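Listing of input_37.cif; format and content: mmCIF, C-alpha atoms.
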data_input
#
loop_
_atom_site.label_atom_id
_atom_site.label_comp_id
_atom_site.auth_asym_id
_atom_site.auth_seq_id
_atom_site.Cartn_x
_atom_site.Cartn_y
_atom_site.Cartn_z
CA MET A 1 122.53 177.84 -2.95
CA LYS A 2 123.07 180.45 -0.29
CA ALA A 3 120.89 180.57 2.80
CA ALA A 4 118.48 183.47 3.19
CA PRO A 5 119.69 186.08 5.71
CA PHE A 6 119.16 185.28 9.38
CA ARG A 7 120.27 186.50 12.78
CA TYR A 8 122.47 184.37 14.98
CA ALA A 9 122.58 183.77 18.71
CA ARG A 10 124.75 181.43 20.73
CA PRO A 11 123.18 180.90 24.15
CA ALA A 12 125.36 179.49 26.93
CA SER A 13 122.77 177.22 28.52
CA ILE A 14 119.63 175.23 27.75
CA ALA A 15 117.62 177.76 29.79
CA GLU A 16 118.90 180.61 27.62
CA ALA A 17 118.15 178.62 24.46
CA CYS A 18 114.61 177.96 25.66
CA ALA A 19 114.18 181.65 26.49
CA ALA A 20 115.25 182.53 22.94
CA LEU A 21 112.77 180.01 21.53
CA ALA A 22 110.02 181.43 23.75
CA GLU A 23 110.79 184.90 22.40
CA HIS A 24 111.07 184.08 18.69
CA GLY A 25 108.72 181.09 18.38
CA SER A 26 108.55 179.51 14.96
CA ASP A 27 110.78 182.27 13.51
CA ALA A 28 113.69 180.52 15.19
CA LYS A 29 115.47 177.22 14.58
CA LEU A 30 117.93 175.51 16.85
CA ILE A 31 121.19 174.43 15.24
CA ALA A 32 123.71 171.98 16.68
CA GLY A 33 125.61 169.92 14.10
CA GLY A 34 123.59 171.43 11.26
CA GLN A 35 124.13 168.47 8.94
CA SER A 36 120.45 168.42 7.94
CA LEU A 37 119.45 172.01 8.63
CA VAL A 38 122.27 173.73 6.72
CA PRO A 39 121.45 171.93 3.43
CA MET A 40 117.76 172.74 3.94
CA MET A 41 118.67 176.38 4.44
CA ALA A 42 120.98 176.32 1.40
CA MET A 43 118.06 175.05 -0.69
CA ARG A 44 115.77 177.52 1.08
CA LEU A 45 113.47 174.77 2.22
CA ALA A 46 114.05 176.35 5.64
CA ARG A 47 114.29 180.12 6.16
CA PRO A 48 114.50 180.81 9.88
CA ALA A 49 114.80 184.48 10.90
CA TRP A 50 116.88 183.42 13.90
CA LEU A 51 119.39 180.63 14.24
CA ILE A 52 119.99 179.62 17.86
CA ASP A 53 123.32 177.76 18.07
CA ILE A 54 123.19 175.16 20.85
CA GLY A 55 126.28 173.32 19.58
CA ARG A 56 128.52 174.36 22.46
CA ILE A 57 126.16 173.95 25.41
CA ALA A 58 127.94 171.59 27.81
CA GLU A 59 124.69 170.26 29.36
CA LEU A 60 123.71 168.86 25.97
CA GLN A 61 126.94 166.86 25.72
CA ARG A 62 126.29 164.68 28.77
CA ILE A 63 126.48 160.90 28.54
CA GLU A 64 124.97 159.06 31.49
CA ILE A 65 125.37 155.29 31.73
CA GLY A 66 123.04 153.68 34.28
CA GLU A 67 122.19 150.13 35.29
CA ASP A 68 119.44 149.65 32.72
CA PHE A 69 119.61 152.78 30.60
CA VAL A 70 121.93 155.10 28.71
CA SER A 71 121.05 158.76 28.42
CA LEU A 72 122.70 160.64 25.58
CA GLY A 73 122.62 164.42 25.58
CA ALA A 74 120.94 165.65 22.40
CA GLY A 75 124.15 167.44 21.38
CA VAL A 76 126.39 164.38 21.64
CA LYS A 77 128.05 163.93 18.28
CA GLN A 78 127.53 160.75 16.32
CA ARG A 79 131.33 160.53 16.14
CA THR A 80 131.58 160.54 19.93
CA VAL A 81 129.14 157.64 20.24
CA GLU A 82 130.94 155.66 17.54
CA ARG A 83 134.25 155.91 19.39
CA HIS A 84 132.92 155.27 22.91
CA ALA A 85 133.93 151.76 24.03
CA GLU A 86 131.36 151.47 26.82
CA LEU A 87 128.50 152.65 24.62
CA ARG A 88 129.50 150.05 22.05
CA GLU A 89 128.83 147.44 24.70
CA ARG A 90 125.66 148.99 26.11
CA LEU A 91 123.99 150.12 22.88
CA PRO A 92 125.14 147.66 20.20
CA LEU A 93 122.15 148.32 17.97
CA LEU A 94 122.80 152.07 17.90
CA MET A 95 126.46 151.38 17.05
CA LYS A 96 125.50 149.20 14.11
CA ALA A 97 123.04 151.83 12.88
CA LEU A 98 125.61 154.65 13.06
CA ALA A 99 127.76 153.02 10.38
CA TRP A 100 124.87 153.76 7.98
CA VAL A 101 124.41 157.41 9.00
CA GLY A 102 125.70 159.71 6.26
CA HIS A 103 129.48 159.67 5.92
CA PRO A 104 132.40 160.02 8.35
CA GLN A 105 132.57 163.79 7.75
CA THR A 106 128.87 164.33 8.48
CA ARG A 107 128.99 162.06 11.53
CA ASN A 108 131.86 164.20 12.83
CA ARG A 109 129.43 167.15 13.15
CA GLY A 110 126.01 165.49 13.24
CA THR A 111 124.39 164.88 16.62
CA VAL A 112 122.15 162.18 18.06
CA GLY A 113 119.40 164.66 18.90
CA GLY A 114 119.64 166.53 15.62
CA SER A 115 118.91 163.39 13.63
CA ILE A 116 115.86 162.70 15.79
CA VAL A 117 114.25 166.15 15.62
CA HIS A 118 114.86 166.28 11.86
CA ALA A 119 112.44 163.31 11.69
CA ASP A 120 113.49 162.00 8.31
CA PRO A 121 111.59 158.72 7.82
CA ALA A 122 114.70 157.12 6.27
CA ALA A 123 117.04 158.09 9.13
CA GLU A 124 118.72 155.44 11.24
CA ILE A 125 118.90 157.01 14.70
CA PRO A 126 115.13 157.70 14.89
CA LEU A 127 114.50 154.08 13.92
CA VAL A 128 116.76 152.76 16.67
CA ALA A 129 115.13 155.14 19.17
CA CYS A 130 111.71 153.73 18.23
CA ALA A 131 112.86 150.11 18.16
CA LEU A 132 114.46 150.35 21.60
CA ASP A 133 111.51 152.37 22.97
CA ALA A 134 113.71 155.33 23.94
CA VAL A 135 112.25 158.30 25.78
CA LEU A 136 112.94 161.85 24.59
CA GLU A 137 113.46 164.59 27.15
CA LEU A 138 111.95 167.81 25.80
CA ARG A 139 112.35 171.14 27.53
CA ASP A 140 110.79 174.55 27.07
CA ALA A 141 110.72 177.68 29.20
CA ALA A 142 107.89 176.17 31.29
CA GLY A 143 109.60 172.87 32.13
CA THR A 144 110.61 169.40 31.00
CA CYS A 145 108.55 166.49 29.76
CA GLY A 146 109.34 162.98 28.58
CA MET A 147 107.90 161.60 25.39
CA PRO A 148 108.32 158.07 24.01
CA ALA A 149 110.10 158.10 20.65
CA ARG A 150 107.28 155.87 19.39
CA GLU A 151 104.87 158.81 19.83
CA PHE A 152 107.21 161.55 18.62
CA PHE A 153 107.21 160.99 14.86
CA LEU A 154 104.02 162.05 13.06
CA ALA A 155 104.80 162.28 9.33
CA PRO A 156 107.87 162.75 7.10
CA MET A 157 109.94 165.58 8.71
CA VAL A 158 107.10 166.26 11.15
CA SER A 159 107.33 165.48 14.84
CA ALA A 160 105.45 166.32 18.01
CA ILE A 161 108.06 168.88 19.14
CA THR A 162 106.68 172.41 19.56
CA PRO A 163 108.54 175.50 18.27
CA ALA A 164 109.30 176.39 21.91
CA GLN A 165 110.88 173.05 22.79
CA CYS A 166 114.47 171.84 22.76
CA LEU A 167 115.30 168.14 22.75
CA VAL A 168 117.66 167.80 25.69
CA ALA A 169 118.46 164.09 25.95
CA VAL A 170 117.53 160.67 24.64
CA ARG A 171 117.17 157.88 27.18
CA PHE A 172 117.73 154.44 25.68
CA PRO A 173 116.75 151.35 27.70
CA VAL A 174 119.62 148.86 28.01
CA TRP A 175 118.79 145.17 28.17
CA ASN A 176 120.54 143.05 30.76
CA ALA A 177 120.33 139.50 29.45
CA SER A 178 123.17 137.05 28.91
CA ARG A 179 122.57 136.39 25.20
CA ILE A 180 121.65 139.50 23.24
CA GLY A 181 122.03 139.85 19.52
CA SER A 182 121.32 142.85 17.32
CA ALA A 183 121.51 143.78 13.67
CA PHE A 184 120.85 146.73 11.37
CA GLU A 185 120.49 146.49 7.59
CA GLU A 186 119.52 148.90 4.88
CA VAL A 187 119.43 149.33 1.15
CA SER A 188 120.08 152.65 -0.54
CA ILE A 189 121.01 153.58 -4.09
CA ARG A 190 124.56 154.46 -3.03
CA GLN A 191 126.13 153.90 0.37
CA GLY A 192 125.34 156.88 2.57
CA ASP A 193 122.27 157.88 0.58
CA PHE A 194 118.83 157.85 2.15
CA ALA A 195 117.54 154.35 2.82
CA LEU A 196 114.93 152.95 0.47
CA ALA A 197 114.21 150.63 3.36
CA SER A 198 115.98 149.65 6.55
CA ALA A 199 115.33 147.17 9.32
CA CYS A 200 116.73 146.55 12.77
CA ALA A 201 116.26 143.98 15.50
CA GLN A 202 117.48 143.28 18.99
CA ILE A 203 116.77 139.86 20.43
CA ALA A 204 117.55 138.17 23.74
CA LEU A 205 117.63 134.38 23.93
CA ASP A 206 117.17 132.32 27.10
CA ASP A 207 119.43 129.43 28.16
CA GLY A 208 117.38 127.04 26.05
CA GLY A 209 117.91 129.18 22.94
CA ARG A 210 114.33 130.49 22.86
CA VAL A 211 113.46 134.13 22.31
CA GLN A 212 112.99 135.84 25.65
CA ARG A 213 112.71 139.43 24.49
CA ALA A 214 112.57 140.94 21.02
CA THR A 215 112.16 144.26 19.31
CA LEU A 216 111.94 145.01 15.64
CA GLY A 217 111.79 148.17 13.55
CA VAL A 218 111.41 149.12 9.89
CA GLY A 219 112.49 152.48 8.45
CA GLY A 220 112.48 154.23 5.09
CA ALA A 221 109.59 152.17 3.85
CA ALA A 222 106.89 154.11 5.71
CA PRO A 223 106.17 157.80 6.46
CA ILE A 224 107.66 157.44 9.96
CA PRO A 225 110.20 155.07 11.53
CA GLN A 226 108.22 152.16 12.82
CA ALA A 227 108.69 149.85 15.76
CA LEU A 228 106.65 146.70 15.28
CA PRO A 229 106.02 145.34 18.80
CA ALA A 230 103.08 143.13 17.79
CA VAL A 231 105.18 141.50 15.08
CA ALA A 232 108.18 141.06 17.38
CA GLU A 233 105.90 139.32 19.88
CA LEU A 234 105.44 136.44 17.42
CA LEU A 235 109.01 135.42 18.25
CA LEU A 236 108.56 135.14 22.01
CA GLY A 237 109.04 131.69 23.53
CA HIS A 238 110.14 130.13 20.25
CA ALA A 239 113.48 128.98 18.93
CA PRO A 240 114.50 131.30 16.08
CA GLU A 241 114.14 128.77 13.31
CA HIS A 242 114.20 129.66 9.65
CA LEU A 243 110.48 129.20 8.98
CA LEU A 244 109.49 131.31 11.97
CA LEU A 245 111.83 134.12 10.90
CA GLU A 246 110.35 133.99 7.38
CA LYS A 247 106.87 134.24 8.85
CA VAL A 248 107.79 137.17 11.09
CA ALA A 249 109.50 138.98 8.20
CA ALA A 250 106.39 138.55 6.08
CA ALA A 251 104.25 139.88 8.96
CA ALA A 252 106.54 142.93 9.26
CA ALA A 253 106.18 143.67 5.55
CA GLU A 254 102.39 143.44 5.89
CA ALA A 255 102.34 145.70 8.94
CA ILE A 256 103.81 148.75 7.18
CA GLU A 257 102.28 151.03 4.60
CA PRO A 258 105.03 151.98 2.17
CA GLU A 259 104.67 154.90 -0.21
CA GLY A 260 106.14 154.89 -3.67
CA ASP A 261 108.19 157.76 -5.05
CA LEU A 262 110.59 158.34 -7.93
CA HIS A 263 113.29 156.27 -6.21
CA ALA A 264 111.25 153.11 -5.64
CA PRO A 265 107.64 151.97 -5.93
CA ALA A 266 105.72 151.04 -2.80
CA GLU A 267 105.72 147.30 -3.49
CA TYR A 268 109.51 147.27 -3.94
CA ARG A 269 109.92 148.93 -0.56
CA ARG A 270 107.59 146.39 1.03
CA GLU A 271 109.64 143.55 -0.45
CA LEU A 272 112.85 145.19 0.77
CA ALA A 273 111.34 145.48 4.23
CA ARG A 274 110.57 141.75 4.21
CA VAL A 275 114.02 140.71 3.03
CA LEU A 276 115.87 143.08 5.35
CA THR A 277 113.73 142.05 8.32
CA ARG A 278 114.54 138.40 7.69
CA ARG A 279 118.23 139.25 7.49
CA VAL A 280 118.32 141.22 10.73
CA LEU A 281 116.38 138.47 12.52
CA GLU A 282 118.84 135.86 11.28
CA ARG A 283 121.85 137.93 12.28
CA ALA A 284 120.47 138.94 15.66
CA THR A 285 119.74 135.32 16.62
CA ARG A 286 122.86 133.70 15.21
CA MET B 287 121.53 192.14 4.96
CA THR B 288 121.70 191.20 8.58
CA ARG B 289 124.20 192.57 11.03
CA SER B 290 127.74 191.24 10.66
CA ILE B 291 129.35 189.32 13.47
CA ALA B 292 133.03 189.48 14.41
CA LEU B 293 134.89 186.20 14.65
CA GLU B 294 138.37 184.84 15.14
CA ILE B 295 139.48 181.51 13.74
CA THR B 296 142.93 179.95 13.82
CA VAL B 297 143.56 178.92 10.22
CA ASN B 298 146.60 176.78 9.44
CA GLY B 299 148.18 177.93 12.67
CA THR B 300 147.59 181.65 12.18
CA ARG B 301 144.92 183.65 13.97
CA ARG B 302 142.61 185.25 11.46
CA SER B 303 139.78 187.57 12.31
CA GLY B 304 136.92 188.82 10.26
CA SER B 305 133.42 190.10 10.27
CA VAL B 306 130.77 188.11 8.45
CA GLU B 307 127.07 187.90 7.87
CA PRO B 308 125.76 184.94 9.85
CA ARG B 309 124.77 183.17 6.65
CA THR B 310 128.34 183.11 5.34
CA THR B 311 129.42 179.49 5.19
CA LEU B 312 132.83 178.55 6.51
CA VAL B 313 134.04 177.65 3.02
CA ASP B 314 133.00 181.06 1.67
CA PHE B 315 134.81 182.72 4.57
CA LEU B 316 137.98 180.75 3.81
CA ARG B 317 137.83 181.45 0.09
CA GLU B 318 136.33 184.92 -0.17
CA HIS B 319 137.51 186.59 3.02
CA LEU B 320 140.87 184.90 3.54
CA GLY B 321 141.72 184.15 -0.10
CA LEU B 322 142.41 180.49 0.67
CA THR B 323 141.00 179.08 -2.54
CA GLY B 324 142.54 175.64 -2.16
CA THR B 325 139.34 174.45 -0.51
CA HIS B 326 136.87 173.85 -3.32
CA VAL B 327 133.12 174.40 -3.36
CA GLY B 328 131.24 171.65 -5.14
CA CYS B 329 127.60 171.00 -4.36
CA GLU B 330 127.17 173.47 -1.48
CA HIS B 331 124.80 171.15 0.34
CA GLY B 332 126.96 168.50 1.88
CA VAL B 333 126.97 165.76 -0.73
CA CYS B 334 130.28 165.92 -2.62
CA GLY B 335 132.95 166.47 0.06
CA ALA B 336 135.08 168.83 -2.09
CA CYS B 337 135.01 171.44 0.69
CA SER B 338 136.36 169.12 3.41
CA ILE B 339 138.59 170.79 5.99
CA LEU B 340 139.83 169.83 9.44
CA LEU B 341 137.95 171.50 12.28
CA ASP B 342 139.91 171.05 15.50
CA GLY B 343 141.67 168.17 13.74
CA VAL B 344 138.53 166.39 12.56
CA PRO B 345 137.40 166.30 8.90
CA VAL B 346 134.09 168.11 8.27
CA ARG B 347 132.36 169.70 5.33
CA SER B 348 132.96 173.45 5.39
CA CYS B 349 129.82 174.13 3.31
CA LEU B 350 127.71 172.57 6.08
CA MET B 351 128.59 175.08 8.72
CA TYR B 352 128.45 178.81 9.03
CA ALA B 353 131.69 180.66 9.71
CA VAL B 354 130.24 182.00 12.98
CA GLN B 355 129.96 178.43 14.24
CA ALA B 356 133.73 178.04 13.86
CA ASP B 357 134.49 181.12 15.97
CA SER B 358 137.51 180.44 18.23
CA CYS B 359 138.06 177.02 16.62
CA SER B 360 141.10 175.79 14.74
CA VAL B 361 140.84 175.05 11.02
CA THR B 362 143.29 173.28 8.75
CA THR B 363 142.81 173.63 5.00
CA ILE B 364 144.66 171.97 2.14
CA GLU B 365 147.12 174.89 2.21
CA GLY B 366 148.01 173.81 5.75
CA LEU B 367 149.10 170.36 4.62
CA SER B 368 151.89 171.53 2.35
CA ARG B 369 155.53 171.67 3.42
CA ALA B 370 156.89 174.80 5.05
CA ASP B 371 158.32 176.03 1.72
CA GLY B 372 154.89 175.75 0.09
CA THR B 373 155.63 172.62 -1.96
CA PRO B 374 153.21 169.69 -1.75
CA GLY B 375 153.25 167.47 1.35
CA ALA B 376 153.97 163.75 1.37
CA LEU B 377 150.35 162.74 0.89
CA GLN B 378 150.00 165.14 -2.04
CA ASP B 379 153.17 163.68 -3.59
CA ALA B 380 151.62 160.22 -3.31
CA PHE B 381 148.50 161.49 -5.13
CA CYS B 382 150.68 162.81 -7.96
CA GLU B 383 152.79 159.67 -8.25
CA THR B 384 149.84 157.29 -8.46
CA HIS B 385 147.85 159.55 -10.83
CA ALA B 386 145.13 159.86 -8.22
CA LEU B 387 143.67 162.95 -9.85
CA GLN B 388 142.59 164.13 -13.25
CA CYS B 389 140.62 167.37 -13.11
CA GLY B 390 141.66 167.89 -9.49
CA TYR B 391 138.41 169.38 -8.28
CA CYS B 392 137.80 166.77 -5.58
CA THR B 393 141.48 166.46 -4.67
CA PRO B 394 141.75 168.95 -1.77
CA GLY B 395 138.82 167.23 -0.03
CA MET B 396 140.23 163.79 -0.76
CA VAL B 397 143.63 164.76 0.66
CA ILE B 398 142.03 166.21 3.80
CA ALA B 399 139.94 163.08 4.35
CA ALA B 400 142.92 160.80 3.71
CA HIS B 401 145.14 162.87 6.02
CA ALA B 402 142.59 162.57 8.84
CA LEU B 403 142.39 158.82 8.30
CA LEU B 404 146.18 158.36 8.44
CA GLU B 405 146.43 160.46 11.59
CA GLU B 406 143.99 158.09 13.30
CA ASN B 407 144.99 154.81 11.65
CA GLY B 408 148.50 154.41 10.26
CA SER B 409 147.80 151.03 8.62
CA PRO B 410 144.32 151.25 7.13
CA SER B 411 142.90 148.35 5.13
CA GLU B 412 141.51 149.04 1.67
CA ALA B 413 138.00 148.83 3.14
CA GLU B 414 138.89 151.38 5.82
CA ILE B 415 140.34 153.72 3.20
CA ARG B 416 137.21 153.43 1.08
CA GLU B 417 135.00 154.05 4.12
CA ALA B 418 137.03 157.13 5.11
CA LEU B 419 136.74 158.52 1.57
CA SER B 420 133.10 157.48 1.10
CA GLY B 421 131.89 161.03 1.61
CA ASN B 422 134.10 162.42 -1.16
CA LEU B 423 132.94 162.11 -4.74
CA CYS B 424 135.34 161.89 -7.69
CA ARG B 425 133.93 161.84 -11.20
CA CYS B 426 137.24 161.19 -13.00
CA THR B 427 139.33 158.47 -11.49
CA GLY B 428 137.06 155.64 -10.44
CA TYR B 429 138.80 155.88 -7.06
CA VAL B 430 141.28 153.03 -7.65
CA GLN B 431 144.35 155.28 -7.83
CA ILE B 432 143.12 157.40 -4.96
CA VAL B 433 143.08 154.31 -2.77
CA GLU B 434 146.58 153.47 -4.07
CA ALA B 435 147.78 156.95 -3.16
CA VAL B 436 146.59 156.57 0.41
CA GLN B 437 148.20 153.14 0.65
CA LEU B 438 151.47 154.54 -0.70
CA ALA B 439 151.42 157.45 1.73
CA ALA B 440 150.60 155.11 4.61
CA ALA B 441 153.54 152.84 3.71
CA ARG B 442 155.92 155.81 3.56
CA ARG B 443 154.70 157.13 6.90
CA ARG B 444 155.36 153.74 8.45
CA GLU B 445 158.88 153.67 6.94
CA HIS B 446 159.54 157.04 8.51
CA GLY B 447 158.06 155.94 11.80
CA ILE B 448 155.06 158.29 11.66
CA GLY B 449 151.92 156.67 13.02
CA SER B 450 151.62 152.89 13.21
#
If you convert what's in this file into structure tokens, what do you get?
Amino acid sequence: MKAAPFRYARPASIAEACAALAEHGSDAKLIAGGQSLVPMMAMRLARPAWLIDIGRIAELQRIEIGEDFVSLGAGVKQRTVERHAELRERLPLLMKALAWVGHPQTRNRGTVGGSIVHADPAAEIPLVACALDAVLELRDAAGTCGMPAREFFLAPMVSAITPAQCLVAVRFPVWNASRIGSAFEEVSIRQGDFALASACAQIALDDGGRVQRATLGVGGAAPIPQALPAVAELLLGHAPEHLLLEKVAAAAAEAIEPEGDLHAPAEYRRELARVLTRRVLERATR
Amino acid sequence: MTRSIALEITVNGTRRSGSVEPRTTLVDFLREHLGLTGTHVGCEHGVCGACSILLDGVPVRSCLMYAVQADSCSVTTIEGLSRADGTPGALQDAFCETHALQCGYCTPGMVIAAHALLEENGSPSEAEIREALSGNLCRCTGYVQIVEAVQLAAARRREHGIGS
């Protein structure tokens, strides 16, 4: 369980990190918190020739709180987000999801961006990024581009990032409505293990108690984290009554294509997705 | 072999320097290079928590980082939690008194995680204790006495006016 030999560089800026990626291409991996990459290297599922340590680059630690968005530097630690009072208020769904991410000790090192680029289909932060329609800022030596999180994830552990790119920041939209509820739920074999299925919702109600805006996501039960905008739309304009929430949860379970594995068969994951979706809808509209 | 890299880490208050291959994990550096074998190596891929240490005061798994990543940081290991004369610290005493260990393999990690909790929250609820220790596996005790140990240590700290 020892990593294969590699060479190590610790660039001082994003530009230097991108230059190193341009030079070494797919022989290099970026490391920040390392809470996913180090185990993969220990098991030799990953064998980079170069490890580029971006964990101390100040530009990646920036937190910007705007009128209708929050931008989190890719290197911001999960721990930092958890303990940030203003972020708790602005990104309640992300806060609720973080409680399910690994354990306190891994959240103390793990970063927001690291969880996203790792692209585990059971991971919580990618699911929240998709559900909230976050935009990922990707940089390489040639320049910066923005990519919606909903287009970033392609398959389990596969994303649209190129070997030359560094995820720099994640821009989450912030809703400004008077009544906003959110909820995150998951089921795993033991707390902190990978989710067999997870669901999240954020819902805004108008003064009459009808759904004004809604987003919904299901994770773990499909090859990529999935936002379900067409399903969430079924809620719009209606009071969140029990029968409607049941119907929407059933539609969410139908909209995903779970895969079975040794932990749980596909139909079990679909059922979990239905039950968890109903629960998050109930809690987000209570 | 790849080229070794020089590093300097403050360990339990003392500056220690060394030269390591980049792939040397922090726990291997502590154990093999510095001889601090109090930190245990369990799973080596971030599941069991036996290798927990404090990095700049915050509990992390020392098998999930390379020693070079800790260059110029401050590390506290289980050895750093004992009293000045080398006898066990108050939290360790509480573990002994409540029989919070059997084989002892997970204990250094448990004590580190519990210490970090008490530094941040002097009056943790049982749920908060269990959450703080959720990343540390014990195969002997069933955790009940470990929770009791942390509660006992927390009560004693409050009596002595440490934390609140």
Closest-contact table, chain A side, partner chain B, 8 Å, counting all atoms listed in the file, as CSV:
residue,atom,partner,partner_atom,distance
A:Met1,CA,B:Glu330,CA,6.5
A:Lys2,CA,B:Arg309,CA,7.6
A:Ala3,CA,B:Arg309,CA,6.1
A:Ala4,CA,B:Arg309,CA,7.2
A:Pro5,CA,B:Arg309,CA,5.9
A:Phe6,CA,B:Thr288,CA,6.5
A:Arg7,CA,B:Pro308,CA,6.4
A:Tyr8,CA,B:Pro308,CA,6.1
A:Gly34,CA,B:Met351,CA,6.7
A:Gln35,CA,B:Leu350,CA,6.1
A:Val38,CA,B:Leu350,CA,5.6
A:Pro39,CA,B:His331,CA,4.6
A:Ala42,CA,B:His331,CA,6.5
A:Met43,CA,B:His331,CA,7.9
A:Asp53,CA,B:Gln355,CA,7.7
A:Gly102,CA,B:Gly421,CA,7.9
A:His103,CA,B:Gly421,CA,5.1
A:Pro104,CA,B:Ala418,CA,6.3
A:Gln105,CA,B:Val346,CA,4.6
A:Thr106,CA,B:Val346,CA,6.4
A:Asn108,CA,B:Val346,CA,6.4
A:Arg109,CA,B:Val346,CA,6.8
A:Gln191,CA,B:Ser420,CA,7.9
A:Gly192,CA,B:Gly421,CA,7.8
Would you kindly identify which residues have an atom no farther than 8 Å from (108.4, 149.6, 4.4), using all atoms listed in the file and the file's own coordinates, and write them out as a ChimeraX atom specification?
/A:197-198,218-222,253,256-259,266,269-273
Residues at most 7 Å from segment 86-92 of chain A, counting only C-alpha atoms, excluding those fewer than 3 positions away in the same chain, as a list in words?
Val81, Met95, Lys96, Val174 and Ser182 of chain A
Written as a PyMOL selection string, what is the full residue list that the PyMOL selection byres ((chain B and resi 409) around 7) yields on the file shown?
chain B and resi 407-408+410-411+440+450
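With distances restricted to only C-alpha atoms, B:Ile432 is the closest residue to Glu383 of chain B from B:Ala370, B:Arg444, B:Leu320, B:Ile432.
Here atom CA of Gln212 of chain A stands at a distance of 28.7 Å from atom CA of Val187 of chain A.
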In Å, with one decimal, what is the gap from atom CA of Cys392 of chain B to atom CA of Leu423 of chain B?
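So the answer is 6.8 Å.
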One number please: atom CA of Val297 of chain B to atom CA of Thr111 of chain A, in Å, one decimal.
24.6 Å
Please enumerate the residues selected by the PyMOL selection byres ((chain A and resi 17) around 9) when evaluated against the supplied file, formatted as a PyMOL selection string.
chain A and resi 9-16+18-22+30+52-54+140-141+166
Which residues are near Ala284 of chain A? Cut-off 9 Å, only C-alpha atoms, ignore same chain within fewer than 2 positions. Put them as a compact mmCIF listing (two decimals) with C-alpha atoms, keeping the file's coordinate frame.
# COMPACT_ATOMS: atom_id res chain seq x y z
CA ILE A 180 121.65 139.50 23.24
CA GLY A 181 122.03 139.85 19.52
CA SER A 182 121.32 142.85 17.32
CA ALA A 183 121.51 143.78 13.67
CA PHE A 184 120.85 146.73 11.37
CA CYS A 200 116.73 146.55 12.77
CA ALA A 201 116.26 143.98 15.50
CA GLN A 202 117.48 143.28 18.99
CA ILE A 203 116.77 139.86 20.43
CA ALA A 204 117.55 138.17 23.74
CA ARG A 279 118.23 139.25 7.49
CA VAL A 280 118.32 141.22 10.73
CA LEU A 281 116.38 138.47 12.52
CA GLU A 282 118.84 135.86 11.28
CA ARG A 286 122.86 133.70 15.21
Report as a ChimeraX atom specification all protein, DNA and RNA residues lying within 9 Å of Gly390 of chain B, evaluated on only C-alpha atoms, omitting residues in the same chain fewer than 4 positions from it.
/B:386,394,424,426
Hey, what's within 9 Å of Gln431 of chain B if we count all atoms listed in the file and toss same-chain stuff fewer than 6 positions away? As a list in words, please?
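Neighbouring residues, sequence-local ones excluded: Phe381, Thr384, His385, Ala386 and Leu387 of chain B.
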Which residues match the PyMOL selection byres ((chain A and resi 74) around 10) in the file above, as a PyMOL selection string?
chain A and resi 32+54-55+59-63+71-73+75-77+111-117+136-138+166-171
